[in-house]
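As stored in protein.pdb (PDB, C-alpha atoms):
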```
ATOM      1  CA  MET A   1       0.000   0.000   0.000  1.00  0.00           C
ATOM      2  CA  LYS A   2       1.175   3.495  -0.872  1.00  0.00           C
ATOM      3  CA  SER A   3       0.286   6.910   0.479  1.00  0.00           C
ATOM      4  CA  CYS A   4      -1.300   9.718  -1.536  1.00  0.00           C
ATOM      5  CA  LYS A   5       2.020  11.561  -1.561  1.00  0.00           C
ATOM      6  CA  GLN A   6       3.811   8.595  -3.116  1.00  0.00           C
ATOM      7  CA  ILE A   7       1.115   8.136  -5.757  1.00  0.00           C
ATOM      8  CA  ALA A   8       1.100  11.877  -6.549  1.00  0.00           C
ATOM      9  CA  GLU A   9       4.843  11.796  -7.218  1.00  0.00           C
ATOM     10  CA  GLU A  10       4.546   8.589  -9.255  1.00  0.00           C
ATOM     11  CA  TRP A  11       1.674   9.848 -11.438  1.00  0.00           C
ATOM     12  CA  GLY A  12       2.924  13.432 -11.711  1.00  0.00           C
ATOM     13  CA  ILE A  13      -0.196  15.080 -10.266  1.00  0.00           C
ATOM     14  CA  SER A  14      -0.887  17.051  -7.093  1.00  0.00           C
ATOM     15  CA  LEU A  15      -1.553  15.548  -3.701  1.00  0.00           C
ATOM     16  CA  ARG A  16      -4.945  17.276  -3.678  1.00  0.00           C
ATOM     17  CA  ALA A  17      -5.877  15.631  -6.989  1.00  0.00           C
ATOM     18  CA  VAL A  18      -5.030  12.182  -5.609  1.00  0.00           C
ATOM     19  CA  ASN A  19      -7.113  12.869  -2.484  1.00  0.00           C
ATOM     20  CA  GLU A  20     -10.076  13.898  -4.638  1.00  0.00           C
ATOM     21  CA  LEU A  21      -9.740  10.791  -6.814  1.00  0.00           C
ATOM     22  CA  CYS A  22      -9.769   8.614  -3.679  1.00  0.00           C
ATOM     23  CA  LYS A  23     -12.709  10.505  -2.192  1.00  0.00           C
ATOM     24  CA  SER A  24     -14.766  10.160  -5.365  1.00  0.00           C
ATOM     25  CA  GLY A  25     -14.039   6.425  -5.588  1.00  0.00           C
ATOM     26  CA  LYS A  26     -12.136   6.591  -8.864  1.00  0.00           C
ATOM     27  CA  ILE A  27      -9.082   4.774  -7.499  1.00  0.00           C
ATOM     28  CA  ILE A  28     -10.154   1.173  -7.051  1.00  0.00           C
ATOM     29  CA  GLY A  29      -9.035  -0.388  -3.781  1.00  0.00           C
ATOM     30  CA  ALA A  30      -8.221   2.884  -1.995  1.00  0.00           C
ATOM     31  CA  ILE A  31      -8.919   2.621   1.738  1.00  0.00           C
ATOM     32  CA  LYS A  32      -9.171   5.469   4.222  1.00  0.00           C
ATOM     33  CA  ASN A  33      -7.086   4.753   7.296  1.00  0.00           C
ATOM     34  CA  GLY A  34      -7.890   7.481   9.824  1.00  0.00           C
ATOM     35  CA  ARG A  35      -7.173  10.745   7.997  1.00  0.00           C
ATOM     36  CA  ALA A  36      -4.944   9.232   5.303  1.00  0.00           C
ATOM     37  CA  TRP A  37      -5.715   7.190   2.212  1.00  0.00           C
ATOM     38  CA  GLN A  38      -3.936   3.920   1.513  1.00  0.00           C
ATOM     39  CA  ILE A  39      -3.728   3.058  -2.183  1.00  0.00           C
ATOM     40  CA  PRO A  40      -2.818  -0.398  -3.548  1.00  0.00           C
ATOM     41  CA  ASP A  41       0.600  -0.738  -5.189  1.00  0.00           C
ATOM     42  CA  ASP A  42      -0.980  -1.929  -8.451  1.00  0.00           C
ATOM     43  CA  ALA A  43      -3.535   0.913  -8.695  1.00  0.00           C
ATOM     44  CA  THR A  44      -3.844   2.502 -12.118  1.00  0.00           C
ATOM     45  CA  ARG A  45      -4.378   6.172 -12.804  1.00  0.00           C
ATOM     46  CA  PRO A  46      -7.999   6.907 -13.800  1.00  0.00           C
ATOM     47  CA  VAL A  47      -8.678   8.355 -17.238  1.00  0.00           C
ATOM     48  CA  ASP A  48      -8.986  12.142 -17.332  1.00  0.00           C
ATOM     49  CA  GLY A  49     -12.598  12.791 -18.360  1.00  0.00           C
ATOM     50  CA  ARG A  50     -12.188  16.390 -19.496  1.00  0.00           C
ATOM     51  CA  ILE A  51     -12.852  17.254 -23.131  1.00  0.00           C
ATOM     52  CA  THR A  52      -9.753  16.887 -25.307  1.00  0.00           C
ATOM     53  CA  SER A  53     -11.444  16.800 -28.698  1.00  0.00           C
ATOM     54  CA  GLY A  54     -10.902  20.502 -29.356  1.00  0.00           C
ATOM     55  CA  LYS A  55     -14.630  21.131 -29.651  1.00  0.00           C
ATOM     56  CA  TYR A  56     -14.340  24.171 -27.384  1.00  0.00           C
ATOM     57  CA  SER A  57     -11.727  25.990 -29.418  1.00  0.00           C
ATOM     58  CA  LYS A  58     -10.816  29.657 -29.382  1.00  0.00           C
ATOM     59  CA  LYS A  59     -12.485  30.087 -32.775  1.00  0.00           C
ATOM     60  CA  PHE A  60     -15.795  28.883 -31.341  1.00  0.00           C
ATOM     61  CA  PHE A  61     -15.669  31.345 -28.450  1.00  0.00           C
ATOM     62  CA  ALA A  62     -14.422  34.190 -30.638  1.00  0.00           C
ATOM     63  CA  ALA A  63     -17.372  33.735 -33.014  1.00  0.00           C
ATOM     64  CA  ARG A  64     -19.854  33.744 -30.133  1.00  0.00           C
ATOM     65  CA  TYR A  65     -18.207  36.830 -28.615  1.00  0.00           C
ATOM     66  CA  ASP A  66     -18.375  38.706 -31.926  1.00  0.00           C
ATOM     67  CA  LYS A  67     -22.061  37.847 -32.275  1.00  0.00           C
ATOM     68  CA  TYR A  68     -22.715  39.071 -28.726  1.00  0.00           C
ATOM     69  CA  ILE A  69     -20.925  42.356 -29.434  1.00  0.00           C
ATOM     70  CA  GLN A  70     -22.986  42.893 -32.597  1.00  0.00           C
ATOM     71  CA  ILE A  71     -26.228  42.359 -30.703  1.00  0.00           C
ATOM     72  CA  TYR A  72     -25.151  44.611 -27.827  1.00  0.00           C
ATOM     73  CA  VAL A  73     -23.967  47.451 -30.104  1.00  0.00           C
ATOM     74  CA  ASN A  74     -27.214  47.386 -32.127  1.00  0.00           C
ATOM     75  CA  LEU A  75     -29.373  47.951 -29.038  1.00  0.00           C
TER      76      LEU A  75
END
```
Could you take the file, read its structure, and then write that structure out as structure tokens?
Amino acid sequence: MKSCKQIAEEWGISLRAVNELCKSGKIIGAIKNGRAWQIPDDATRPVDGRITSGKYSKKFFAARYDKYIQIYVNL
């Protein structure tokens, strides 16, 4: 079993992020021992669920902003 600090260093993420993953149940086998989490040695890093497709690009937001400005100026 490893601590959150050890896992954070191994996975290259913050200690807070590891704590949140444990709290939300995304790290299988993580056990809370008092105030600290114990994570199995063979635990795998969960997949990051944020959008990486590029759907929310700068062009998309720029176009919406320009449309908003046109509406606001014409009032």
Which is closer to Gly29 (chain A) than all the others in A:Asp42, A:Ser3, A:Gly12, A:Ala17, using only C-alpha atoms?
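For Gly29 (chain A), the nearest of the given residues is A:Asp42.
CA of Asn33 (chain A) is found 20.3 Å from CA of Arg45 (chain A).
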Separation of CA of Ala30 (chain A) and CA of Ala43 (chain A), in Å?
8.4 Å
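Matched in the shown structure by the PyMOL selection byres ((chain A and resi 47) around 12): Trp11, Leu21, Lys26, Ile27, Thr44, Arg45, Pro46, Asp48, Gly49, Arg50, Ile51 and Thr52 of chain A.
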Long-range neighbours of Lys5 (chain A) as number ranges by chain, 10 Å cut-off, only C-alpha atoms, 2 positions minimum in chain
A: 2-3, 7-10, 13-16, 18-19, 37
